[in-house]
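Below is target.cif, which holds mmCIF, C-alpha atoms, pLDDT in the B column; chains and numbers go by the auth columns.
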```
data_my_file
loop_
_atom_site.group_PDB
_atom_site.id
_atom_site.type_symbol
_atom_site.label_atom_id
_atom_site.label_comp_id
_atom_site.label_asym_id
_atom_site.label_seq_id
_atom_site.Cartn_x
_atom_site.Cartn_y
_atom_site.Cartn_z
_atom_site.B_iso_or_equiv
_atom_site.auth_seq_id
_atom_site.auth_asym_id
ATOM 1 C CA MET A 1 -12.567 20.343 17.100 92.00 1 A
ATOM 2 C CA GLU A 2 -13.902 19.154 13.751 97.00 2 A
ATOM 3 C CA LEU A 3 -11.737 17.469 11.104 98.00 3 A
ATOM 4 C CA GLU A 4 -12.599 16.531 7.534 98.00 4 A
ATOM 5 C CA LEU A 5 -12.651 12.829 6.735 98.00 5 A
ATOM 6 C CA PHE A 6 -12.559 11.146 3.323 98.00 6 A
ATOM 7 C CA GLN A 7 -12.763 7.410 2.737 98.00 7 A
ATOM 8 C CA VAL A 8 -11.310 6.434 -0.621 98.00 8 A
ATOM 9 C CA ASP A 9 -11.172 3.048 -2.349 98.00 9 A
ATOM 10 C CA ALA A 10 -7.657 2.932 -3.805 97.00 10 A
ATOM 11 C CA PHE A 11 -6.582 0.741 -6.723 97.00 11 A
ATOM 12 C CA ALA A 12 -10.246 0.627 -7.707 96.00 12 A
ATOM 13 C CA ASP A 13 -12.428 2.162 -10.413 94.00 13 A
ATOM 14 C CA ARG A 14 -15.650 1.503 -8.498 95.00 14 A
ATOM 15 C CA VAL A 15 -16.641 1.525 -4.834 96.00 15 A
ATOM 16 C CA PHE A 16 -16.636 -1.672 -2.771 96.00 16 A
ATOM 17 C CA SER A 17 -13.396 -2.848 -4.406 95.00 17 A
ATOM 18 C CA GLY A 18 -9.716 -2.040 -4.025 96.00 18 A
ATOM 19 C CA ASN A 19 -8.364 -0.985 -0.641 96.00 19 A
ATOM 20 C CA PRO A 20 -10.241 1.557 1.505 97.00 20 A
ATOM 21 C CA ALA A 21 -8.154 4.228 3.214 97.00 21 A
ATOM 22 C CA ALA A 22 -9.165 7.158 5.388 98.00 22 A
ATOM 23 C CA VAL A 23 -7.638 10.549 4.580 98.00 23 A
ATOM 24 C CA VAL A 24 -7.669 13.335 7.185 98.00 24 A
ATOM 25 C CA PRO A 25 -6.423 16.808 6.153 98.00 25 A
ATOM 26 C CA LEU A 26 -4.856 18.795 9.010 98.00 26 A
ATOM 27 C CA ARG A 27 -3.832 22.435 9.379 97.00 27 A
ATOM 28 C CA LYS A 28 -1.094 21.417 11.818 97.00 28 A
ATOM 29 C CA TRP A 29 0.079 18.201 13.411 98.00 29 A
ATOM 30 C CA LEU A 30 -1.919 16.894 16.359 98.00 30 A
ATOM 31 C CA PRO A 31 -0.317 14.768 19.120 97.00 31 A
ATOM 32 C CA ASP A 32 0.692 11.287 17.979 98.00 32 A
ATOM 33 C CA ALA A 33 -1.668 9.732 20.521 97.00 33 A
ATOM 34 C CA THR A 34 -4.584 11.591 18.894 98.00 34 A
ATOM 35 C CA LEU A 35 -3.562 10.485 15.404 98.00 35 A
ATOM 36 C CA GLN A 36 -3.329 6.883 16.574 98.00 36 A
ATOM 37 C CA ALA A 37 -6.698 7.114 18.335 98.00 37 A
ATOM 38 C CA VAL A 38 -8.344 8.420 15.148 98.00 38 A
ATOM 39 C CA ALA A 39 -6.773 5.621 13.089 98.00 39 A
ATOM 40 C CA SER A 40 -7.922 3.035 15.627 97.00 40 A
ATOM 41 C CA GLU A 41 -11.446 4.470 15.586 97.00 41 A
ATOM 42 C CA ASN A 42 -11.518 4.420 11.777 97.00 42 A
ATOM 43 C CA ASN A 43 -10.442 0.757 11.935 95.00 43 A
ATOM 44 C CA LEU A 44 -9.254 0.679 8.321 94.00 44 A
ATOM 45 C CA ALA A 45 -5.951 -0.771 7.181 91.00 45 A
ATOM 46 C CA GLU A 46 -4.561 2.761 6.972 95.00 46 A
ATOM 47 C CA THR A 47 -5.473 6.311 7.892 98.00 47 A
ATOM 48 C CA ALA A 48 -3.399 9.010 6.177 98.00 48 A
ATOM 49 C CA PHE A 49 -2.880 12.455 7.707 98.00 49 A
ATOM 50 C CA TYR A 50 -1.361 15.337 5.784 98.00 50 A
ATOM 51 C CA VAL A 51 -0.266 18.923 6.491 98.00 51 A
ATOM 52 C CA LYS A 52 0.609 21.432 3.761 97.00 52 A
ATOM 53 C CA LYS A 53 4.149 22.812 4.054 96.00 53 A
ATOM 54 C CA GLY A 54 4.930 25.339 1.341 93.00 54 A
ATOM 55 C CA GLU A 55 5.075 23.577 -2.034 92.00 55 A
ATOM 56 C CA TYR A 56 4.763 20.042 -0.637 96.00 56 A
ATOM 57 C CA TYR A 57 2.749 18.042 1.886 98.00 57 A
ATOM 58 C CA GLU A 58 3.938 16.201 4.952 98.00 58 A
ATOM 59 C CA LEU A 59 2.257 12.790 5.005 98.00 59 A
ATOM 60 C CA ARG A 60 2.006 10.114 7.707 98.00 60 A
ATOM 61 C CA TRP A 61 0.226 6.755 7.790 97.00 61 A
ATOM 62 C CA PHE A 62 -1.279 4.853 10.722 97.00 62 A
ATOM 63 C CA THR A 63 -2.782 1.375 10.959 93.00 63 A
ATOM 64 C CA PRO A 64 -5.272 0.713 13.779 93.00 64 A
ATOM 65 C CA GLU A 65 -2.255 -0.241 15.928 92.00 65 A
ATOM 66 C CA THR A 66 0.842 1.660 14.830 94.00 66 A
ATOM 67 C CA GLU A 67 2.468 4.193 12.507 96.00 67 A
ATOM 68 C CA VAL A 68 4.169 2.739 9.406 94.00 68 A
ATOM 69 C CA ASP A 69 6.996 4.109 7.285 93.00 69 A
ATOM 70 C CA LEU A 70 5.392 3.599 3.861 92.00 70 A
ATOM 71 C CA CYS A 71 1.881 2.966 2.558 93.00 71 A
ATOM 72 C CA GLY A 72 0.990 2.962 -1.108 94.00 72 A
ATOM 73 C CA HIS A 73 -2.790 2.754 -1.173 95.00 73 A
ATOM 74 C CA ALA A 74 -3.217 5.535 1.422 97.00 74 A
ATOM 75 C CA THR A 75 -0.800 7.720 -0.575 97.00 75 A
ATOM 76 C CA LEU A 76 -2.884 7.092 -3.694 97.00 76 A
ATOM 77 C CA ALA A 77 -6.031 7.925 -1.693 98.00 77 A
ATOM 78 C CA THR A 78 -4.486 11.169 -0.406 98.00 78 A
ATOM 79 C CA ALA A 79 -3.495 12.236 -3.911 98.00 79 A
ATOM 80 C CA HIS A 80 -7.063 11.518 -5.066 98.00 80 A
ATOM 81 C CA VAL A 81 -8.421 13.783 -2.314 98.00 81 A
ATOM 82 C CA LEU A 82 -6.018 16.577 -3.232 98.00 82 A
ATOM 83 C CA PHE A 83 -6.663 16.368 -6.973 97.00 83 A
ATOM 84 C CA GLU A 84 -10.417 15.766 -6.919 96.00 84 A
ATOM 85 C CA HIS A 85 -11.661 17.434 -3.737 97.00 85 A
ATOM 86 C CA LYS A 86 -9.040 20.089 -2.934 97.00 86 A
ATOM 87 C CA LYS A 87 -8.545 21.012 -6.612 95.00 87 A
ATOM 88 C CA TYR A 88 -4.742 20.761 -6.502 96.00 88 A
ATOM 89 C CA PRO A 89 -3.766 22.605 -9.713 94.00 89 A
ATOM 90 C CA ASP A 90 -0.468 20.997 -10.778 94.00 90 A
ATOM 91 C CA ALA A 91 0.140 17.630 -12.422 94.00 91 A
ATOM 92 C CA CYS A 92 2.465 16.341 -9.668 97.00 92 A
ATOM 93 C CA ILE A 93 2.079 16.287 -5.880 98.00 93 A
ATOM 94 C CA VAL A 94 5.164 16.020 -3.658 98.00 94 A
ATOM 95 C CA PHE A 95 4.858 14.283 -0.280 98.00 95 A
ATOM 96 C CA GLU A 96 7.518 14.421 2.459 98.00 96 A
ATOM 97 C CA THR A 97 7.449 11.152 4.421 97.00 97 A
ATOM 98 C CA GLN A 98 9.494 8.810 6.597 96.00 98 A
ATOM 99 C CA SER A 99 10.529 7.106 3.346 93.00 99 A
ATOM 100 C CA GLY A 100 11.739 10.334 1.758 94.00 100 A
ATOM 101 C CA ARG A 101 10.030 12.404 -0.905 95.00 101 A
ATOM 102 C CA LEU A 102 7.282 10.633 -2.839 95.00 102 A
ATOM 103 C CA PHE A 103 5.703 11.919 -6.044 96.00 103 A
ATOM 104 C CA VAL A 104 2.219 11.275 -7.429 97.00 104 A
ATOM 105 C CA GLU A 105 1.265 12.324 -10.962 97.00 105 A
ATOM 106 C CA ARG A 106 -1.865 12.228 -13.056 94.00 106 A
ATOM 107 C CA GLU A 107 -1.238 9.977 -16.068 90.00 107 A
ATOM 108 C CA GLY A 108 -4.417 9.859 -18.109 85.00 108 A
ATOM 109 C CA GLY A 109 -7.044 8.242 -15.918 86.00 109 A
ATOM 110 C CA LEU A 110 -4.442 6.806 -13.541 95.00 110 A
ATOM 111 C CA LEU A 111 -2.608 8.184 -10.532 97.00 111 A
ATOM 112 C CA SER A 112 1.031 7.153 -10.724 97.00 112 A
ATOM 113 C CA MET A 113 3.233 7.032 -7.614 97.00 113 A
ATOM 114 C CA ASP A 114 7.030 7.286 -7.745 94.00 114 A
ATOM 115 C CA PHE A 115 8.294 5.113 -4.874 93.00 115 A
ATOM 116 C CA PRO A 116 11.648 3.643 -3.823 92.00 116 A
ATOM 117 C CA ALA A 117 12.452 0.228 -5.314 96.00 117 A
ATOM 118 C CA TRP A 118 13.334 -2.479 -2.774 95.00 118 A
ATOM 119 C CA GLU A 119 15.582 -5.033 -4.443 95.00 119 A
ATOM 120 C CA PRO A 120 14.814 -8.399 -2.800 96.00 120 A
ATOM 121 C CA LYS A 121 17.562 -10.740 -1.610 96.00 121 A
ATOM 122 C CA PRO A 122 17.148 -14.536 -1.595 96.00 122 A
ATOM 123 C CA PHE A 123 17.282 -16.558 1.618 92.00 123 A
ATOM 124 C CA PRO A 124 16.297 -20.074 2.731 94.00 124 A
ATOM 125 C CA VAL A 125 12.612 -20.723 3.338 95.00 125 A
ATOM 126 C CA PRO A 126 12.074 -20.515 7.128 94.00 126 A
ATOM 127 C CA GLU A 127 10.030 -23.303 8.675 96.00 127 A
ATOM 128 C CA ARG A 128 8.044 -20.670 10.596 95.00 128 A
ATOM 129 C CA VAL A 129 6.895 -19.186 7.279 97.00 129 A
ATOM 130 C CA VAL A 130 5.813 -22.603 6.016 97.00 130 A
ATOM 131 C CA ARG A 131 3.816 -23.237 9.189 98.00 131 A
ATOM 132 C CA GLY A 132 2.343 -19.736 9.140 98.00 132 A
ATOM 133 C CA LEU A 133 1.241 -19.927 5.501 98.00 133 A
ATOM 134 C CA GLY A 134 0.250 -23.591 5.650 98.00 134 A
ATOM 135 C CA ALA A 135 2.170 -24.190 2.407 98.00 135 A
ATOM 136 C CA LYS A 136 5.792 -24.190 1.258 97.00 136 A
ATOM 137 C CA PRO A 137 6.816 -21.570 -1.323 98.00 137 A
ATOM 138 C CA ARG A 138 9.298 -22.505 -4.026 97.00 138 A
ATOM 139 C CA GLU A 139 11.623 -19.703 -2.894 97.00 139 A
ATOM 140 C CA MET A 140 11.897 -16.827 -0.408 97.00 140 A
ATOM 141 C CA TRP A 141 13.197 -13.291 -0.779 98.00 141 A
ATOM 142 C CA ALA A 142 13.401 -10.382 1.626 95.00 142 A
ATOM 143 C CA THR A 143 13.424 -6.593 1.781 94.00 143 A
ATOM 144 C CA ARG A 144 11.556 -4.788 4.547 92.00 144 A
ATOM 145 C CA ASP A 145 8.993 -7.529 3.926 95.00 145 A
ATOM 146 C CA TYR A 146 9.157 -11.258 3.206 97.00 146 A
ATOM 147 C CA LEU A 147 8.416 -12.338 -0.366 98.00 147 A
ATOM 148 C CA ALA A 148 7.165 -15.935 -0.760 98.00 148 A
ATOM 149 C CA VAL A 149 7.111 -17.105 -4.396 98.00 149 A
ATOM 150 C CA PHE A 150 4.780 -19.902 -5.475 98.00 150 A
ATOM 151 C CA ASP A 151 4.457 -21.768 -8.780 98.00 151 A
ATOM 152 C CA SER A 152 0.834 -20.993 -9.581 98.00 152 A
ATOM 153 C CA GLU A 153 -1.936 -18.480 -9.046 98.00 153 A
ATOM 154 C CA GLU A 154 -4.107 -21.274 -7.659 98.00 154 A
ATOM 155 C CA GLU A 155 -1.656 -21.935 -4.821 98.00 155 A
ATOM 156 C CA VAL A 156 -1.653 -18.282 -3.762 98.00 156 A
ATOM 157 C CA ARG A 157 -5.437 -17.983 -3.928 98.00 157 A
ATOM 158 C CA ALA A 158 -5.839 -21.153 -1.836 98.00 158 A
ATOM 159 C CA LEU A 159 -3.652 -19.962 1.082 98.00 159 A
ATOM 160 C CA LYS A 160 -5.330 -19.904 4.507 98.00 160 A
ATOM 161 C CA PRO A 161 -2.599 -18.517 6.791 98.00 161 A
ATOM 162 C CA ASP A 162 -2.387 -18.795 10.553 98.00 162 A
ATOM 163 C CA MET A 163 -2.342 -15.089 11.408 97.00 163 A
ATOM 164 C CA GLY A 164 -1.098 -15.716 14.939 97.00 164 A
ATOM 165 C CA LEU A 165 2.026 -17.436 13.603 97.00 165 A
ATOM 166 C CA LEU A 166 2.622 -14.801 10.910 97.00 166 A
ATOM 167 C CA ALA A 167 2.344 -12.032 13.523 96.00 167 A
ATOM 168 C CA GLU A 168 5.369 -13.527 15.323 95.00 168 A
ATOM 169 C CA LEU A 169 7.701 -13.100 12.310 95.00 169 A
ATOM 170 C CA GLU A 170 10.338 -10.339 12.289 91.00 170 A
ATOM 171 C CA THR A 171 8.800 -8.532 9.341 93.00 171 A
ATOM 172 C CA ILE A 172 5.981 -6.102 8.655 91.00 172 A
ATOM 173 C CA CYS A 173 4.387 -7.991 5.773 95.00 173 A
ATOM 174 C CA VAL A 174 4.471 -11.449 4.171 98.00 174 A
ATOM 175 C CA ILE A 175 3.857 -11.081 0.435 98.00 175 A
ATOM 176 C CA CYS A 176 2.830 -14.199 -1.481 98.00 176 A
ATOM 177 C CA THR A 177 3.107 -14.121 -5.264 98.00 177 A
ATOM 178 C CA ALA A 178 2.949 -16.249 -8.404 98.00 178 A
ATOM 179 C CA PRO A 179 2.621 -15.840 -12.181 98.00 179 A
ATOM 180 C CA GLY A 180 -0.864 -14.663 -13.132 98.00 180 A
ATOM 181 C CA ARG A 181 -3.276 -16.044 -15.706 97.00 181 A
ATOM 182 C CA ASP A 182 -4.582 -12.641 -16.829 98.00 182 A
ATOM 183 C CA TYR A 183 -1.801 -10.459 -15.375 98.00 183 A
ATOM 184 C CA ASP A 184 1.981 -10.682 -15.277 98.00 184 A
ATOM 185 C CA PHE A 185 1.748 -11.644 -11.607 98.00 185 A
ATOM 186 C CA ILE A 186 -0.691 -11.827 -8.726 98.00 186 A
ATOM 187 C CA SER A 187 -0.107 -11.417 -5.013 98.00 187 A
ATOM 188 C CA ARG A 188 -1.646 -11.443 -1.553 98.00 188 A
ATOM 189 C CA SER A 189 -0.239 -9.548 1.467 97.00 189 A
ATOM 190 C CA PHE A 190 -0.520 -10.426 5.146 97.00 190 A
ATOM 191 C CA ALA A 191 0.534 -8.059 7.957 94.00 191 A
ATOM 192 C CA PRO A 192 -1.138 -9.256 11.178 95.00 192 A
ATOM 193 C CA GLY A 193 1.755 -7.948 13.287 91.00 193 A
ATOM 194 C CA VAL A 194 0.647 -4.365 12.560 88.00 194 A
ATOM 195 C CA GLY A 195 -3.076 -5.060 12.765 87.00 195 A
ATOM 196 C CA ILE A 196 -3.776 -5.950 9.103 90.00 196 A
ATOM 197 C CA PRO A 197 -4.489 -9.700 8.744 94.00 197 A
ATOM 198 C CA GLU A 198 -4.887 -9.501 4.941 96.00 198 A
ATOM 199 C CA ASP A 199 -4.487 -6.193 3.151 93.00 199 A
ATOM 200 C CA PRO A 200 -6.947 -5.844 0.238 94.00 200 A
ATOM 201 C CA VAL A 201 -4.441 -4.097 -2.093 95.00 201 A
ATOM 202 C CA THR A 202 -0.935 -3.110 -1.006 93.00 202 A
ATOM 203 C CA GLY A 203 0.963 -0.427 -2.885 93.00 203 A
ATOM 204 C CA SER A 204 4.179 -0.716 -0.854 92.00 204 A
ATOM 205 C CA SER A 205 4.491 -4.475 -1.493 96.00 205 A
ATOM 206 C CA HIS A 206 5.009 -3.616 -5.153 97.00 206 A
ATOM 207 C CA CYS A 207 8.236 -1.829 -4.202 95.00 207 A
ATOM 208 C CA THR A 208 9.479 -5.416 -3.778 97.00 208 A
ATOM 209 C CA LEU A 209 7.272 -7.223 -6.311 98.00 209 A
ATOM 210 C CA ALA A 210 8.048 -4.978 -9.285 98.00 210 A
ATOM 211 C CA PRO A 211 11.861 -5.408 -9.147 97.00 211 A
ATOM 212 C CA TYR A 212 11.500 -9.174 -8.614 98.00 212 A
ATOM 213 C CA TRP A 213 9.110 -9.738 -11.538 98.00 213 A
ATOM 214 C CA SER A 214 10.927 -7.273 -13.786 98.00 214 A
ATOM 215 C CA ARG A 215 14.125 -9.323 -13.439 97.00 215 A
ATOM 216 C CA ARG A 216 12.316 -12.623 -13.767 98.00 216 A
ATOM 217 C CA LEU A 217 10.245 -11.679 -16.824 98.00 217 A
ATOM 218 C CA GLY A 218 12.808 -9.381 -18.453 98.00 218 A
ATOM 219 C CA ARG A 219 10.349 -6.484 -18.784 97.00 219 A
ATOM 220 C CA LYS A 220 10.139 -3.037 -17.232 98.00 220 A
ATOM 221 C CA THR A 221 6.363 -2.527 -17.390 98.00 221 A
ATOM 222 C CA LEU A 222 4.122 -5.019 -15.598 98.00 222 A
ATOM 223 C CA THR A 223 0.454 -5.590 -14.848 98.00 223 A
ATOM 224 C CA ALA A 224 -0.512 -6.980 -11.464 98.00 224 A
ATOM 225 C CA PHE A 225 -3.564 -8.066 -9.521 98.00 225 A
ATOM 226 C CA GLN A 226 -3.858 -8.424 -5.755 98.00 226 A
ATOM 227 C CA ALA A 227 -6.103 -11.432 -5.230 98.00 227 A
ATOM 228 C CA SER A 228 -7.814 -10.502 -1.972 97.00 228 A
ATOM 229 C CA ALA A 229 -11.579 -10.742 -1.506 95.00 229 A
ATOM 230 C CA ARG A 230 -11.963 -7.127 -2.735 95.00 230 A
ATOM 231 C CA GLY A 231 -9.168 -7.312 -5.321 95.00 231 A
ATOM 232 C CA GLY A 232 -7.381 -4.551 -7.182 95.00 232 A
ATOM 233 C CA GLU A 233 -5.342 -3.802 -10.319 96.00 233 A
ATOM 234 C CA ILE A 234 -1.848 -2.310 -10.117 97.00 234 A
ATOM 235 C CA PHE A 235 0.290 -1.077 -13.015 98.00 235 A
ATOM 236 C CA CYS A 236 4.051 -1.087 -12.345 97.00 236 A
ATOM 237 C CA GLU A 237 7.199 0.156 -14.012 98.00 237 A
ATOM 238 C CA ASP A 238 10.692 -0.779 -12.843 98.00 238 A
ATOM 239 C CA MET A 239 12.954 2.293 -13.096 97.00 239 A
ATOM 240 C CA GLY A 240 16.053 0.966 -11.335 96.00 240 A
ATOM 241 C CA ASP A 241 16.241 2.490 -7.871 95.00 241 A
ATOM 242 C CA ARG A 242 12.631 3.720 -8.189 95.00 242 A
ATOM 243 C CA VAL A 243 9.370 2.049 -9.156 97.00 243 A
ATOM 244 C CA LYS A 244 6.171 3.503 -10.552 97.00 244 A
ATOM 245 C CA ILE A 245 3.002 2.114 -8.989 97.00 245 A
ATOM 246 C CA ALA A 246 -0.217 3.274 -10.633 98.00 246 A
ATOM 247 C CA GLY A 247 -3.926 2.726 -10.177 97.00 247 A
ATOM 248 C CA HIS A 248 -7.370 4.243 -10.000 97.00 248 A
ATOM 249 C CA ALA A 249 -9.157 5.622 -6.941 98.00 249 A
ATOM 250 C CA VAL A 250 -12.760 6.510 -6.113 98.00 250 A
ATOM 251 C CA CYS A 251 -14.264 8.326 -3.129 98.00 251 A
ATOM 252 C CA TYR A 252 -16.788 6.378 -1.063 98.00 252 A
ATOM 253 C CA LEU A 253 -17.452 8.735 1.862 98.00 253 A
ATOM 254 C CA LYS A 254 -17.019 12.338 2.984 98.00 254 A
ATOM 255 C CA GLY A 255 -17.680 13.342 6.577 98.00 255 A
ATOM 256 C CA ALA A 256 -16.397 14.988 9.738 98.00 256 A
ATOM 257 C CA ILE A 257 -14.564 13.791 12.849 98.00 257 A
ATOM 258 C CA HIS A 258 -15.606 15.442 16.113 97.00 258 A
ATOM 259 C CA LEU A 259 -12.792 15.604 18.690 95.00 259 A
ATOM 260 C CA PRO A 260 -12.991 17.037 22.203 88.00 260 A
ATOM 261 C CA ASP A 261 -11.407 20.482 22.564 77.00 261 A
#
```

As structure tokens, the full file:
Amino acid sequence: MELELFQVDAFADRVFSGNPAAVVPLRKWLPDATLQAVASENNLAETAFYVKKGEYYELRWFTPETEVDLCGHATLATAHVLFEHKKYPDACIVFETQSGRLFVEREGGLLSMDFPAWEPKPFPVPERVVRGLGAKPREMWATRDYLAVFDSEEEVRALKPDMGLLAELETICVICTAPGRDYDFISRSFAPGVGIPEDPVTGSSHCTLAPYWSRRLGRKTLTAFQASARGGEIFCEDMGDRVKIAGHAVCYLKGAIHLPD
């Protein structure tokens, strides 16, 4: 069996930046064990698989270790493949996922994703987070993920987390954020518990970041930068119970996966 494979740098306008994701189009769903094996072999933060169902596409995301319920950069990468390589004719793509229906639109040179907003709730800073990050944030918030807020961009950039300790936390991702010098805010995201020590650029973390910074800054539209080694720009809009997360994408690789019959 031969499957198409695309590797796309999401939240990037040039290769070797942003967050690489694999995208594998399927005619029908393969066994979960096969999907997980392909994702593990790809060894990228995420591999997205999609199947066309009528007017929409079923979409699933796998890390090298497990399936996840929401992934922004791999959704952006999948939309790029459909628009640029599969010549999807309409302006909006609808994906059916574990997190409900997601929408991706062309907006000028950007791809804009309509995702659920996760309103963060404050809670005391856990000592395990302090030990895991090697620094104490000024405040902590939580949704599906933990949100650690620091005073300065320099503090976030200087973090050298203990990934073993962070992997023991009862959360998928630890998001660290602060006001930005050139952007409204910056962030870094760590998810060692699902096989992603530091994610280069994380779309889903902005489901939490956008509502937080919108309230704090009193603005609906925000510019963001994820300060990983590769780095990436994200453009956000807080729409209440939804959030727009937009960015560029560029294809790095096209190939084929050869599976045993």

### Query
Using all atoms listed in the file, which residues sit within 8 Å of range 16-28 of chain A once same-chain residues fewer than 3 positions away are excluded, as a PyMOL selection string?
chain A and resi 3-13+42+44-52+73-74+77-78+81+199-202+230-233

Residues from the last selection, C-alpha atoms, saved as a compact mmCIF listing (two decimals), in the frame of the given file:
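selection07.txt, written as the output of this step:
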```txt
# COMPACT_ATOMS: atom_id res chain seq x y z
CA LEU A 3 -11.74 17.47 11.10
CA GLU A 4 -12.60 16.53 7.53
CA LEU A 5 -12.65 12.83 6.74
CA PHE A 6 -12.56 11.15 3.32
CA GLN A 7 -12.76 7.41 2.74
CA VAL A 8 -11.31 6.43 -0.62
CA ASP A 9 -11.17 3.05 -2.35
CA ALA A 10 -7.66 2.93 -3.80
CA PHE A 11 -6.58 0.74 -6.72
CA ALA A 12 -10.25 0.63 -7.71
CA ASP A 13 -12.43 2.16 -10.41
CA ASN A 42 -11.52 4.42 11.78
CA LEU A 44 -9.25 0.68 8.32
CA ALA A 45 -5.95 -0.77 7.18
CA GLU A 46 -4.56 2.76 6.97
CA THR A 47 -5.47 6.31 7.89
CA ALA A 48 -3.40 9.01 6.18
CA PHE A 49 -2.88 12.46 7.71
CA TYR A 50 -1.36 15.34 5.78
CA VAL A 51 -0.27 18.92 6.49
CA LYS A 52 0.61 21.43 3.76
CA HIS A 73 -2.79 2.75 -1.17
CA ALA A 74 -3.22 5.54 1.42
CA ALA A 77 -6.03 7.92 -1.69
CA THR A 78 -4.49 11.17 -0.41
CA VAL A 81 -8.42 13.78 -2.31
CA ASP A 199 -4.49 -6.19 3.15
CA PRO A 200 -6.95 -5.84 0.24
CA VAL A 201 -4.44 -4.10 -2.09
CA THR A 202 -0.94 -3.11 -1.01
CA ARG A 230 -11.96 -7.13 -2.74
CA GLY A 231 -9.17 -7.31 -5.32
CA GLY A 232 -7.38 -4.55 -7.18
CA GLU A 233 -5.34 -3.80 -10.32
```

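Using all atoms listed in the file, the contacts of Met140 in chain A at a cut-off of 8 Å, with sequence neighbours closer than 2 positions omitted, comprise Pro122, Phe123, Pro124, Val125, Pro137, Arg138, Ala142, Tyr146, Leu147, Ala148 and Val149 of chain A.
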
#### Entry: Ground truth for the PyMOL selection byres ((chain A and resi 238) around 8), written as a PyMOL selection string
chain A and resi 117+210-211+214+220-221+236-237+239-240+242-244

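Picked by the PyMOL selection byres ((chain A and resi 165) around 9) from the coordinates shown: Arg128, Val129, Arg131, Gly132, Leu133, Pro161, Asp162, Met163, Gly164, Leu166, Ala167, Glu168 and Leu169 of chain A.
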
### Query
With all atoms listed in the file as the basis for distance, which of A:Asp261, A:Ala135, A:Glu170, A:Ala256 is at the shortest distance from Val156 in chain A?
A:Ala135

### Message
I'd like to see the residues matched by the PyMOL selection byres ((chain A and resi 194) around 10) on this file, and ideally I'd get them as a VMD selection string.
### Response
chain A and resid 45 62 to 68 167 171 to 173 190 to 193 195 to 197

### Query
So what do you get for CA of Leu159 in chain A versus CA of Phe235 in chain A, distance-wise?
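The value is 23.9 Å.
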
#### Entry: Counting only C-alpha atoms, the residue of A:Pro120, A:Ser187, A:Glu55, A:Phe115 that sits nearest Pro89 in chain A
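Checking each of A:Pro120, A:Ser187, A:Glu55, A:Phe115 against Pro89 in chain A, counting only C-alpha atoms, the winner is A:Glu55.
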
#### Entry: Point (1.8, -9.8, -2.4), cut-off 7 Å, counting only C-alpha atoms, residues as an MDAnalysis selection string
chainID A and resid 175:177 187:189 205 226

Those residues you just picked out, can you put them in a file as a short mmCIF file (atom, residue, chain, number, x, y, z; two decimals), keeping the file's coordinate frame with C-alpha atoms?
```
data_model
loop_
_atom_site.label_atom_id
_atom_site.label_comp_id
_atom_site.auth_asym_id
_atom_site.auth_seq_id
_atom_site.Cartn_x
_atom_site.Cartn_y
_atom_site.Cartn_z
CA ILE A 175 3.86 -11.08 0.44
CA CYS A 176 2.83 -14.20 -1.48
CA THR A 177 3.11 -14.12 -5.26
CA SER A 187 -0.11 -11.42 -5.01
CA ARG A 188 -1.65 -11.44 -1.55
CA SER A 189 -0.24 -9.55 1.47
CA SER A 205 4.49 -4.47 -1.49
CA GLN A 226 -3.86 -8.42 -5.76
#
```

### Query
Which one is closest to Leu102 in chain A: A:Asp182, A:Glu58, A:Asp90, A:Glu154? Count only C-alpha atoms.
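When distances to Leu102 in chain A are compared using only C-alpha atoms, the smallest one comes from A:Glu58.
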
### CA of Val104 in chain A to CA of Leu76 in chain A, distance in Å rounded to a single decimal
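We find that CA of Val104 in chain A and CA of Leu76 in chain A lie 7.6 Å from each other.
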
### Query
Of the candidates A:Pro179, A:Ala158, A:Ser204, A:Val15, which one gets nearest to Ser99 in chain A if we count all atoms listed in the file?
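Of A:Pro179, A:Ala158, A:Ser204, A:Val15, the one nearest Ser99 in chain A, counting all atoms listed in the file, is A:Ser204.
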
#### Entry: Nearest to Leu82 in chain A, chosen from A:Arg14, A:Val38, A:Leu111, A:Gly54, with only C-alpha atoms counted in the distances
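Among the listed residues, the smallest separation from Leu82 in chain A belongs to A:Leu111.
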
#### Entry: Straight-line distance linking CA of Arg219 in chain A with CA of Asp184 in chain A, stated in Å to one decimal
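A separation of 10.0 Å between them.
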
### Task
Excluding Cys92 in chain A and any residue of its chain fewer than 4 positions from it, enumerate the residues within 9 Å of it, using all atoms listed in the file, and give them as a ChimeraX atom specification.
/A:103-106

Take the residues from that selection and put them in a file with C-alpha atoms, as a PDB file, in the coordinates of the input.
```pdb
ATOM      1  CA  PHE A 103       5.703  11.919  -6.044  1.00 96.00           C
ATOM      2  CA  VAL A 104       2.219  11.275  -7.429  1.00 97.00           C
ATOM      3  CA  GLU A 105       1.265  12.324 -10.962  1.00 97.00           C
ATOM      4  CA  ARG A 106      -1.865  12.228 -13.056  1.00 94.00           C
TER       5      ARG A 106
END
```

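Take the candidates A:Pro126, A:Gly108, A:Pro31, A:Pro260 and check each one against Ala246 in chain A using all atoms listed in the file; the shortest distance goes to A:Gly108.
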
### Message
Just want the 7 Å neighbourhood of Cys71 in chain A, counted on all atoms listed in the file, with same-chain residues fewer than 4 positions away dropped. Output as a ChimeraX atom specification.
### Response
/A:61,75,203-204
